[in-house]
>>> print(open('run-v7.cif').read())   # mmCIF, N, CA and C atoms
data_start
#
loop_
_atom_site.label_atom_id
_atom_site.label_comp_id
_atom_site.auth_asym_id
_atom_site.auth_seq_id
_atom_site.Cartn_x
_atom_site.Cartn_y
_atom_site.Cartn_z
N MET A 287 -70.02 -21.83 -23.59
CA MET A 287 -68.76 -22.48 -23.81
C MET A 287 -68.08 -22.95 -22.52
N PRO A 288 -68.80 -23.39 -21.52
CA PRO A 288 -68.13 -23.86 -20.31
C PRO A 288 -67.40 -25.18 -20.53
N ASP A 289 -67.71 -25.90 -21.61
CA ASP A 289 -67.06 -27.18 -21.86
C ASP A 289 -65.65 -27.01 -22.42
N ARG A 290 -65.35 -25.85 -22.98
CA ARG A 290 -64.06 -25.65 -23.64
C ARG A 290 -62.86 -25.77 -22.68
N PRO A 291 -62.86 -25.13 -21.50
CA PRO A 291 -61.71 -25.32 -20.60
C PRO A 291 -61.56 -26.76 -20.13
N ARG A 292 -62.67 -27.44 -19.92
CA ARG A 292 -62.62 -28.82 -19.47
C ARG A 292 -62.01 -29.72 -20.56
N ARG A 293 -62.39 -29.45 -21.81
CA ARG A 293 -61.85 -30.22 -22.92
C ARG A 293 -60.34 -29.96 -23.07
N GLY A 294 -59.94 -28.71 -22.89
CA GLY A 294 -58.53 -28.36 -22.97
C GLY A 294 -57.71 -29.04 -21.89
N ARG A 295 -58.27 -29.12 -20.69
CA ARG A 295 -57.55 -29.80 -19.60
C ARG A 295 -57.45 -31.29 -19.85
N ARG A 296 -58.50 -31.88 -20.43
CA ARG A 296 -58.44 -33.31 -20.76
C ARG A 296 -57.37 -33.57 -21.81
N MET A 297 -57.29 -32.72 -22.81
CA MET A 297 -56.27 -32.88 -23.84
C MET A 297 -54.88 -32.69 -23.24
N MET A 298 -54.74 -31.75 -22.34
CA MET A 298 -53.46 -31.51 -21.69
C MET A 298 -53.07 -32.70 -20.81
N LEU A 299 -54.04 -33.28 -20.13
CA LEU A 299 -53.78 -34.46 -19.32
C LEU A 299 -53.33 -35.63 -20.19
N ALA A 300 -53.98 -35.82 -21.32
CA ALA A 300 -53.58 -36.89 -22.25
C ALA A 300 -52.16 -36.65 -22.77
N ALA A 301 -51.85 -35.42 -23.13
CA ALA A 301 -50.51 -35.09 -23.62
C ALA A 301 -49.47 -35.31 -22.52
N THR A 302 -49.80 -34.95 -21.30
CA THR A 302 -48.88 -35.12 -20.18
C THR A 302 -48.59 -36.60 -19.94
N ILE A 303 -49.63 -37.41 -19.96
CA ILE A 303 -49.44 -38.85 -19.77
C ILE A 303 -48.58 -39.43 -20.88
N LEU A 304 -48.83 -39.02 -22.12
CA LEU A 304 -48.05 -39.50 -23.25
C LEU A 304 -46.57 -39.11 -23.13
N VAL A 305 -46.31 -37.87 -22.75
CA VAL A 305 -44.93 -37.38 -22.67
C VAL A 305 -44.18 -37.98 -21.48
N TRP A 306 -44.86 -38.20 -20.38
CA TRP A 306 -44.20 -38.68 -19.17
C TRP A 306 -44.13 -40.21 -19.08
N THR A 307 -44.78 -40.94 -19.98
CA THR A 307 -44.77 -42.41 -19.92
C THR A 307 -43.36 -43.00 -19.97
N PRO A 308 -42.47 -42.56 -20.87
CA PRO A 308 -41.12 -43.15 -20.85
C PRO A 308 -40.39 -42.95 -19.52
N ALA A 309 -40.57 -41.81 -18.89
CA ALA A 309 -39.92 -41.56 -17.60
C ALA A 309 -40.49 -42.48 -16.52
N LEU A 310 -41.79 -42.69 -16.55
CA LEU A 310 -42.41 -43.58 -15.56
C LEU A 310 -41.97 -45.03 -15.77
N LEU A 311 -41.87 -45.45 -17.03
CA LEU A 311 -41.40 -46.81 -17.32
C LEU A 311 -39.94 -46.99 -16.91
N PHE A 312 -39.12 -45.98 -17.18
CA PHE A 312 -37.71 -46.03 -16.76
C PHE A 312 -37.62 -46.13 -15.24
N ALA A 313 -38.40 -45.33 -14.53
CA ALA A 313 -38.39 -45.37 -13.06
C ALA A 313 -38.85 -46.73 -12.55
N LEU A 314 -39.84 -47.32 -13.20
CA LEU A 314 -40.32 -48.65 -12.82
C LEU A 314 -39.21 -49.68 -13.02
N GLY A 315 -38.53 -49.63 -14.15
CA GLY A 315 -37.42 -50.55 -14.40
C GLY A 315 -36.30 -50.38 -13.41
N PHE A 316 -35.95 -49.14 -13.10
CA PHE A 316 -34.90 -48.86 -12.12
C PHE A 316 -35.28 -49.41 -10.75
N ALA A 317 -36.53 -49.19 -10.34
CA ALA A 317 -36.99 -49.67 -9.04
C ALA A 317 -36.99 -51.20 -8.99
N LEU A 318 -37.49 -51.84 -10.05
CA LEU A 318 -37.50 -53.30 -10.08
C LEU A 318 -36.09 -53.88 -10.03
N ALA A 319 -35.18 -53.28 -10.80
CA ALA A 319 -33.79 -53.76 -10.79
C ALA A 319 -33.17 -53.59 -9.41
N HIS A 320 -33.46 -52.49 -8.77
CA HIS A 320 -32.91 -52.24 -7.44
C HIS A 320 -33.50 -53.21 -6.41
N LEU A 321 -34.81 -53.41 -6.47
CA LEU A 321 -35.47 -54.28 -5.49
C LEU A 321 -35.09 -55.75 -5.66
N THR A 322 -34.86 -56.17 -6.90
CA THR A 322 -34.53 -57.58 -7.14
C THR A 322 -33.03 -57.84 -7.10
N GLY A 323 -32.22 -56.77 -7.11
CA GLY A 323 -30.78 -56.92 -7.09
C GLY A 323 -30.21 -57.41 -8.41
N CYS A 324 -30.93 -57.18 -9.49
CA CYS A 324 -30.50 -57.66 -10.80
C CYS A 324 -29.58 -56.65 -11.47
N ARG A 325 -28.70 -57.16 -12.32
CA ARG A 325 -27.79 -56.32 -13.08
C ARG A 325 -28.46 -55.89 -14.37
N VAL A 326 -28.46 -54.59 -14.63
CA VAL A 326 -29.03 -54.06 -15.86
C VAL A 326 -28.06 -53.04 -16.42
N ASP A 327 -27.72 -53.18 -17.69
CA ASP A 327 -26.92 -52.17 -18.37
C ASP A 327 -27.37 -52.08 -19.82
N GLU A 328 -26.80 -51.10 -20.54
CA GLU A 328 -27.25 -50.86 -21.90
C GLU A 328 -26.65 -51.82 -22.91
N GLY A 329 -25.73 -52.67 -22.49
CA GLY A 329 -25.08 -53.61 -23.40
C GLY A 329 -26.00 -54.71 -23.87
N SER A 330 -26.68 -55.35 -22.93
CA SER A 330 -27.59 -56.45 -23.27
C SER A 330 -28.42 -56.80 -22.05
N ALA A 331 -29.39 -57.66 -22.28
CA ALA A 331 -30.22 -58.13 -21.18
C ALA A 331 -29.45 -59.21 -20.42
N HIS A 332 -29.54 -59.18 -19.11
CA HIS A 332 -28.89 -60.17 -18.26
C HIS A 332 -29.97 -61.00 -17.58
N PRO A 333 -29.69 -62.28 -17.34
CA PRO A 333 -30.69 -63.12 -16.66
C PRO A 333 -31.01 -62.56 -15.27
N CYS A 334 -32.29 -62.57 -14.95
CA CYS A 334 -32.74 -62.11 -13.64
C CYS A 334 -33.97 -62.92 -13.27
N LEU A 335 -33.78 -63.88 -12.38
CA LEU A 335 -34.88 -64.75 -11.99
C LEU A 335 -35.61 -64.19 -10.77
N VAL A 336 -36.90 -64.04 -10.93
CA VAL A 336 -37.77 -63.62 -9.84
C VAL A 336 -38.94 -64.60 -9.82
N ALA A 337 -39.05 -65.36 -8.74
CA ALA A 337 -40.09 -66.38 -8.59
C ALA A 337 -40.07 -67.35 -9.77
N GLY A 338 -38.88 -67.70 -10.23
CA GLY A 338 -38.73 -68.66 -11.31
C GLY A 338 -38.97 -68.11 -12.71
N ILE A 339 -39.18 -66.80 -12.81
CA ILE A 339 -39.44 -66.17 -14.10
C ILE A 339 -38.28 -65.22 -14.42
N ASP A 340 -37.76 -65.34 -15.64
CA ASP A 340 -36.66 -64.47 -16.05
C ASP A 340 -37.25 -63.13 -16.52
N ILE A 341 -36.96 -62.06 -15.76
CA ILE A 341 -37.45 -60.73 -16.13
C ILE A 341 -36.33 -59.85 -16.67
N GLY A 342 -35.21 -60.46 -17.04
CA GLY A 342 -34.07 -59.70 -17.54
C GLY A 342 -34.40 -58.90 -18.79
N GLY A 343 -35.11 -59.51 -19.72
CA GLY A 343 -35.50 -58.80 -20.94
C GLY A 343 -36.44 -57.64 -20.66
N LEU A 344 -37.38 -57.86 -19.75
CA LEU A 344 -38.30 -56.79 -19.37
C LEU A 344 -37.55 -55.63 -18.72
N LEU A 345 -36.64 -55.95 -17.80
CA LEU A 345 -35.86 -54.89 -17.16
C LEU A 345 -35.03 -54.12 -18.17
N TYR A 346 -34.43 -54.83 -19.12
CA TYR A 346 -33.63 -54.18 -20.15
C TYR A 346 -34.50 -53.22 -20.97
N THR A 347 -35.68 -53.68 -21.36
CA THR A 347 -36.59 -52.83 -22.14
C THR A 347 -37.02 -51.60 -21.35
N LEU A 348 -37.37 -51.80 -20.09
CA LEU A 348 -37.79 -50.67 -19.27
C LEU A 348 -36.66 -49.66 -19.06
N MET A 349 -35.46 -50.16 -18.86
CA MET A 349 -34.34 -49.25 -18.65
C MET A 349 -33.94 -48.50 -19.93
N MET A 350 -34.19 -49.09 -21.07
CA MET A 350 -33.88 -48.41 -22.33
C MET A 350 -34.84 -47.25 -22.60
N MET A 351 -35.93 -47.17 -21.86
CA MET A 351 -36.83 -46.02 -21.98
C MET A 351 -36.13 -44.74 -21.55
N GLY A 352 -35.03 -44.86 -20.83
CA GLY A 352 -34.26 -43.69 -20.43
C GLY A 352 -33.77 -42.88 -21.62
N TRP A 353 -33.51 -43.55 -22.75
CA TRP A 353 -33.09 -42.82 -23.96
C TRP A 353 -34.23 -41.97 -24.49
N PHE A 354 -35.46 -42.47 -24.39
CA PHE A 354 -36.61 -41.66 -24.81
C PHE A 354 -36.83 -40.48 -23.87
N VAL A 355 -36.49 -40.68 -22.61
CA VAL A 355 -36.64 -39.58 -21.65
C VAL A 355 -35.77 -38.40 -22.08
N ILE A 356 -34.57 -38.68 -22.56
CA ILE A 356 -33.70 -37.60 -23.01
C ILE A 356 -34.36 -36.81 -24.13
N LEU A 357 -35.00 -37.52 -25.06
CA LEU A 357 -35.69 -36.84 -26.16
C LEU A 357 -36.92 -36.06 -25.68
N MET A 358 -37.56 -36.55 -24.65
CA MET A 358 -38.81 -35.96 -24.17
C MET A 358 -38.62 -34.85 -23.14
N LEU A 359 -37.40 -34.62 -22.67
CA LEU A 359 -37.19 -33.63 -21.61
C LEU A 359 -37.76 -32.24 -21.93
N PRO A 360 -37.57 -31.70 -23.13
CA PRO A 360 -38.17 -30.38 -23.39
C PRO A 360 -39.69 -30.39 -23.29
N PHE A 361 -40.30 -31.47 -23.76
CA PHE A 361 -41.76 -31.56 -23.71
C PHE A 361 -42.25 -31.78 -22.28
N MET A 362 -41.46 -32.52 -21.49
CA MET A 362 -41.81 -32.71 -20.09
C MET A 362 -41.78 -31.38 -19.34
N LEU A 363 -40.75 -30.58 -19.61
CA LEU A 363 -40.66 -29.25 -19.01
C LEU A 363 -41.83 -28.38 -19.46
N LEU A 364 -42.19 -28.48 -20.72
CA LEU A 364 -43.32 -27.70 -21.24
C LEU A 364 -44.62 -28.08 -20.53
N THR A 365 -44.83 -29.37 -20.28
CA THR A 365 -46.05 -29.77 -19.57
C THR A 365 -46.07 -29.21 -18.15
N LEU A 366 -44.91 -29.19 -17.49
CA LEU A 366 -44.85 -28.63 -16.14
C LEU A 366 -45.20 -27.14 -16.15
N VAL A 367 -44.67 -26.42 -17.13
CA VAL A 367 -44.94 -24.98 -17.23
C VAL A 367 -46.41 -24.73 -17.52
N ILE A 368 -46.98 -25.51 -18.42
CA ILE A 368 -48.40 -25.32 -18.76
C ILE A 368 -49.28 -25.64 -17.56
N TRP A 369 -48.99 -26.75 -16.85
CA TRP A 369 -49.80 -27.07 -15.66
C TRP A 369 -49.65 -26.01 -14.57
N LEU A 370 -48.47 -25.44 -14.45
CA LEU A 370 -48.29 -24.34 -13.51
C LEU A 370 -49.17 -23.15 -13.91
N GLY A 371 -49.21 -22.85 -15.21
CA GLY A 371 -50.08 -21.78 -15.69
C GLY A 371 -51.55 -22.06 -15.44
N ILE A 372 -51.97 -23.31 -15.67
CA ILE A 372 -53.37 -23.68 -15.43
C ILE A 372 -53.70 -23.53 -13.95
N GLY A 373 -52.79 -23.97 -13.09
CA GLY A 373 -53.02 -23.84 -11.65
C GLY A 373 -53.06 -22.40 -11.18
N LEU A 374 -52.14 -21.58 -11.70
CA LEU A 374 -52.14 -20.17 -11.32
C LEU A 374 -53.38 -19.45 -11.82
N ARG A 375 -53.83 -19.80 -13.02
CA ARG A 375 -55.05 -19.18 -13.54
C ARG A 375 -56.27 -19.56 -12.70
N ALA A 376 -56.35 -20.83 -12.30
CA ALA A 376 -57.45 -21.26 -11.45
C ALA A 376 -57.41 -20.55 -10.10
N LEU A 377 -56.21 -20.39 -9.56
CA LEU A 377 -56.06 -19.68 -8.30
C LEU A 377 -56.44 -18.21 -8.45
N PHE A 378 -55.99 -17.59 -9.52
CA PHE A 378 -56.33 -16.20 -9.80
C PHE A 378 -57.84 -16.02 -9.97
N ASP A 379 -58.48 -16.93 -10.69
CA ASP A 379 -59.93 -16.88 -10.89
C ASP A 379 -60.68 -17.04 -9.57
N ALA A 380 -60.16 -17.91 -8.69
CA ALA A 380 -60.81 -18.13 -7.40
C ALA A 380 -60.68 -16.89 -6.51
N TRP A 381 -59.56 -16.21 -6.58
CA TRP A 381 -59.36 -15.03 -5.75
C TRP A 381 -60.17 -13.83 -6.22
N PHE A 382 -60.27 -13.64 -7.54
CA PHE A 382 -60.85 -12.42 -8.08
C PHE A 382 -62.19 -12.61 -8.77
N SER A 383 -62.90 -13.66 -8.44
CA SER A 383 -64.24 -13.82 -9.05
C SER A 383 -65.31 -13.79 -8.00
#
>>> encode(input="run-v7.cif", output="structure tokens")
Amino acid sequence: MPDRPRRGRRMMLAATILVWTPALLFALGFALAHLTGCRVDEGSAHPCLVAGIDIGGLLYTLMMMGWFVILMLPFMLLTLVIWLGIGLRALFDAWFS
């Protein structure tokens, strides 16, 4: 059964990516808005021209991922705790095997 821990870690990695995606998208939107100097708020999308392309709608969508982050916070914390446990177990196994 050496494949079982590897499969569990792959599943945990997939779950982590799924849970943290809204936070990463929100951070991307925040960074883009900051770098381009565009106005973004929860009221509506505002025009934001970058190289002749209006990315206001995209920025609005990315920033609205922040609401999903609020819903995902407990699961995000859970993934951090589980990864900490996986790391400590690997460290413990390396020390005492």
>>> atom_distance(input="run-v7.cif", atom1="atom CA of A:Leu314", atom2="atom CA of A:Arg296")
25.0 Å
>>> residues_around(input="run-v7.cif", residues="A:Leu357", least_positions_apart="6", cutoff="12 Å", atoms="only C-alpha atoms", output="ChimeraX atom specification")
/A:305-306,308-309,351,363
>>> atom_distance(input="run-v7.cif", atom1="atom N of A:Gly343", atom2="atom CA of A:Thr307")
19.6 Å
>>> resolve_selection(input="run-v7.cif", expression="the PyMOL selection byres ((chain A and resi 345) around 8)", output="PDB file with N, CA and C atoms, keeping the file's coordinate frame")
ATOM      1  N   LEU A 314     -39.840 -47.320 -13.200  1.00  0.00           N
ATOM      2  CA  LEU A 314     -40.320 -48.650 -12.820  1.00  0.00           C
ATOM      3  C   LEU A 314     -39.210 -49.680 -13.020  1.00  0.00           C
ATOM      4  N   GLY A 315     -38.530 -49.630 -14.150  1.00  0.00           N
ATOM      5  CA  GLY A 315     -37.420 -50.550 -14.400  1.00  0.00           C
ATOM      6  C   GLY A 315     -36.300 -50.380 -13.410  1.00  0.00           C
ATOM      7  N   PHE A 316     -35.950 -49.140 -13.100  1.00  0.00           N
ATOM      8  CA  PHE A 316     -34.900 -48.860 -12.120  1.00  0.00           C
ATOM      9  C   PHE A 316     -35.280 -49.410 -10.750  1.00  0.00           C
ATOM     10  N   LEU A 318     -37.490 -51.840 -10.050  1.00  0.00           N
ATOM     11  CA  LEU A 318     -37.500 -53.300 -10.080  1.00  0.00           C
ATOM     12  C   LEU A 318     -36.090 -53.880 -10.030  1.00  0.00           C
ATOM     13  N   ALA A 319     -35.180 -53.280 -10.800  1.00  0.00           N
ATOM     14  CA  ALA A 319     -33.790 -53.760 -10.790  1.00  0.00           C
ATOM     15  C   ALA A 319     -33.170 -53.590  -9.410  1.00  0.00           C
ATOM     16  N   ARG A 325     -28.700 -57.160 -12.320  1.00  0.00           N
ATOM     17  CA  ARG A 325     -27.790 -56.320 -13.080  1.00  0.00           C
ATOM     18  C   ARG A 325     -28.460 -55.890 -14.370  1.00  0.00           C
ATOM     19  N   VAL A 326     -28.460 -54.590 -14.630  1.00  0.00           N
ATOM     20  CA  VAL A 326     -29.030 -54.060 -15.860  1.00  0.00           C
ATOM     21  C   VAL A 326     -28.060 -53.040 -16.420  1.00  0.00           C
ATOM     22  N   ASP A 327     -27.720 -53.180 -17.690  1.00  0.00           N
ATOM     23  CA  ASP A 327     -26.920 -52.170 -18.370  1.00  0.00           C
ATOM     24  C   ASP A 327     -27.370 -52.080 -19.820  1.00  0.00           C
ATOM     25  N   ALA A 331     -29.390 -57.660 -22.280  1.00  0.00           N
ATOM     26  CA  ALA A 331     -30.220 -58.130 -21.180  1.00  0.00           C
ATOM     27  C   ALA A 331     -29.450 -59.210 -20.420  1.00  0.00           C
ATOM     28  N   HIS A 332     -29.540 -59.180 -19.110  1.00  0.00           N
ATOM     29  CA  HIS A 332     -28.890 -60.170 -18.260  1.00  0.00           C
ATOM     30  C   HIS A 332     -29.970 -61.000 -17.580  1.00  0.00           C
ATOM     31  N   ASP A 340     -37.760 -65.340 -15.640  1.00  0.00           N
ATOM     32  CA  ASP A 340     -36.660 -64.470 -16.050  1.00  0.00           C
ATOM     33  C   ASP A 340     -37.250 -63.130 -16.520  1.00  0.00           C
ATOM     34  N   ILE A 341     -36.960 -62.060 -15.760  1.00  0.00           N
ATOM     35  CA  ILE A 341     -37.450 -60.730 -16.130  1.00  0.00           C
ATOM     36  C   ILE A 341     -36.330 -59.850 -16.670  1.00  0.00           C
ATOM     37  N   GLY A 342     -35.210 -60.460 -17.040  1.00  0.00           N
ATOM     38  CA  GLY A 342     -34.070 -59.700 -17.540  1.00  0.00           C
ATOM     39  C   GLY A 342     -34.400 -58.900 -18.790  1.00  0.00           C
ATOM     40  N   GLY A 343     -35.110 -59.510 -19.720  1.00  0.00           N
ATOM     41  CA  GLY A 343     -35.500 -58.800 -20.940  1.00  0.00           C
ATOM     42  C   GLY A 343     -36.440 -57.640 -20.660  1.00  0.00           C
ATOM     43  N   LEU A 344     -37.380 -57.860 -19.750  1.00  0.00           N
ATOM     44  CA  LEU A 344     -38.300 -56.790 -19.370  1.00  0.00           C
ATOM     45  C   LEU A 344     -37.550 -55.630 -18.720  1.00  0.00           C
ATOM     46  N   TYR A 346     -34.430 -54.830 -19.120  1.00  0.00           N
ATOM     47  CA  TYR A 346     -33.630 -54.180 -20.150  1.00  0.00           C
ATOM     48  C   TYR A 346     -34.500 -53.220 -20.970  1.00  0.00           C
ATOM     49  N   THR A 347     -35.680 -53.680 -21.360  1.00  0.00           N
ATOM     50  CA  THR A 347     -36.590 -52.830 -22.140  1.00  0.00           C
ATOM     51  C   THR A 347     -37.020 -51.600 -21.350  1.00  0.00           C
ATOM     52  N   LEU A 348     -37.370 -51.800 -20.090  1.00  0.00           N
ATOM     53  CA  LEU A 348     -37.790 -50.670 -19.270  1.00  0.00           C
ATOM     54  C   LEU A 348     -36.660 -49.660 -19.060  1.00  0.00           C
ATOM     55  N   MET A 349     -35.460 -50.160 -18.860  1.00  0.00           N
ATOM     56  CA  MET A 349     -34.340 -49.250 -18.650  1.00  0.00           C
ATOM     57  C   MET A 349     -33.940 -48.500 -19.930  1.00  0.00           C
ATOM     58  N   MET A 350     -34.190 -49.090 -21.070  1.00  0.00           N
ATOM     59  CA  MET A 350     -33.880 -48.410 -22.330  1.00  0.00           C
ATOM     60  C   MET A 350     -34.840 -47.250 -22.600  1.00  0.00           C
ATOM     61  N   MET A 351     -35.930 -47.170 -21.860  1.00  0.00           N
ATOM     62  CA  MET A 351     -36.830 -46.020 -21.980  1.00  0.00           C
ATOM     63  C   MET A 351     -36.130 -44.740 -21.550  1.00  0.00           C
TER      64      MET A 351
END
>>> select_by_dssp(input="run-v7.cif", residues="chain A", states="strand (DSSP E or B)", output="list in words")
Leu335, Val336, Ile339 and Asp340 of chain A
>>> write_last_selection(input="run-v7.cif", atoms="N, CA and C atoms", output="mmCIF file, keeping the file's coordinate frame")
data_model
loop_
_atom_site.group_PDB
_atom_site.id
_atom_site.type_symbol
_atom_site.label_atom_id
_atom_site.label_comp_id
_atom_site.auth_asym_id
_atom_site.auth_seq_id
_atom_site.Cartn_x
_atom_site.Cartn_y
_atom_site.Cartn_z
ATOM 1 N N LEU A 335 -33.780 -63.880 -12.380
ATOM 2 C CA LEU A 335 -34.880 -64.750 -11.990
ATOM 3 C C LEU A 335 -35.610 -64.190 -10.770
ATOM 4 N N VAL A 336 -36.900 -64.040 -10.930
ATOM 5 C CA VAL A 336 -37.770 -63.620 -9.840
ATOM 6 C C VAL A 336 -38.940 -64.600 -9.820
ATOM 7 N N ILE A 339 -39.180 -66.800 -12.810
ATOM 8 C CA ILE A 339 -39.440 -66.170 -14.100
ATOM 9 C C ILE A 339 -38.280 -65.220 -14.420
ATOM 10 N N ASP A 340 -37.760 -65.340 -15.640
ATOM 11 C CA ASP A 340 -36.660 -64.470 -16.050
ATOM 12 C C ASP A 340 -37.250 -63.130 -16.520
#
>>> closest_residue(input="run-v7.cif", among="A:Ile368, A:Met297, A:Met362, A:Cys334", to="A:Thr322", atoms="only N, CA and C atoms")
A:Cys334
>>> atom_distance(input="run-v7.cif", atom1="atom C of A:Thr302", atom2="atom CA of A:Leu374")
18.9 Å
>>> select_by_dssp(input="run-v7.cif", residues="stretch 327-361 of chain A", states="alpha helix (DSSP H)", output="list in words")
Gly342, Gly343, Leu344, Leu345, Tyr346, Thr347, Leu348, Met349, Met350, Met351, Gly352, Trp353, Phe354, Val355, Ile356, Leu357, Met358, Leu359, Pro360 and Phe361 of chain A
>>> closest_residue(input="run-v7.cif", among="A:Phe378, A:Arg293, A:Val336, A:Met298", to="A:Thr365", atoms="only N, CA and C atoms")
A:Met298
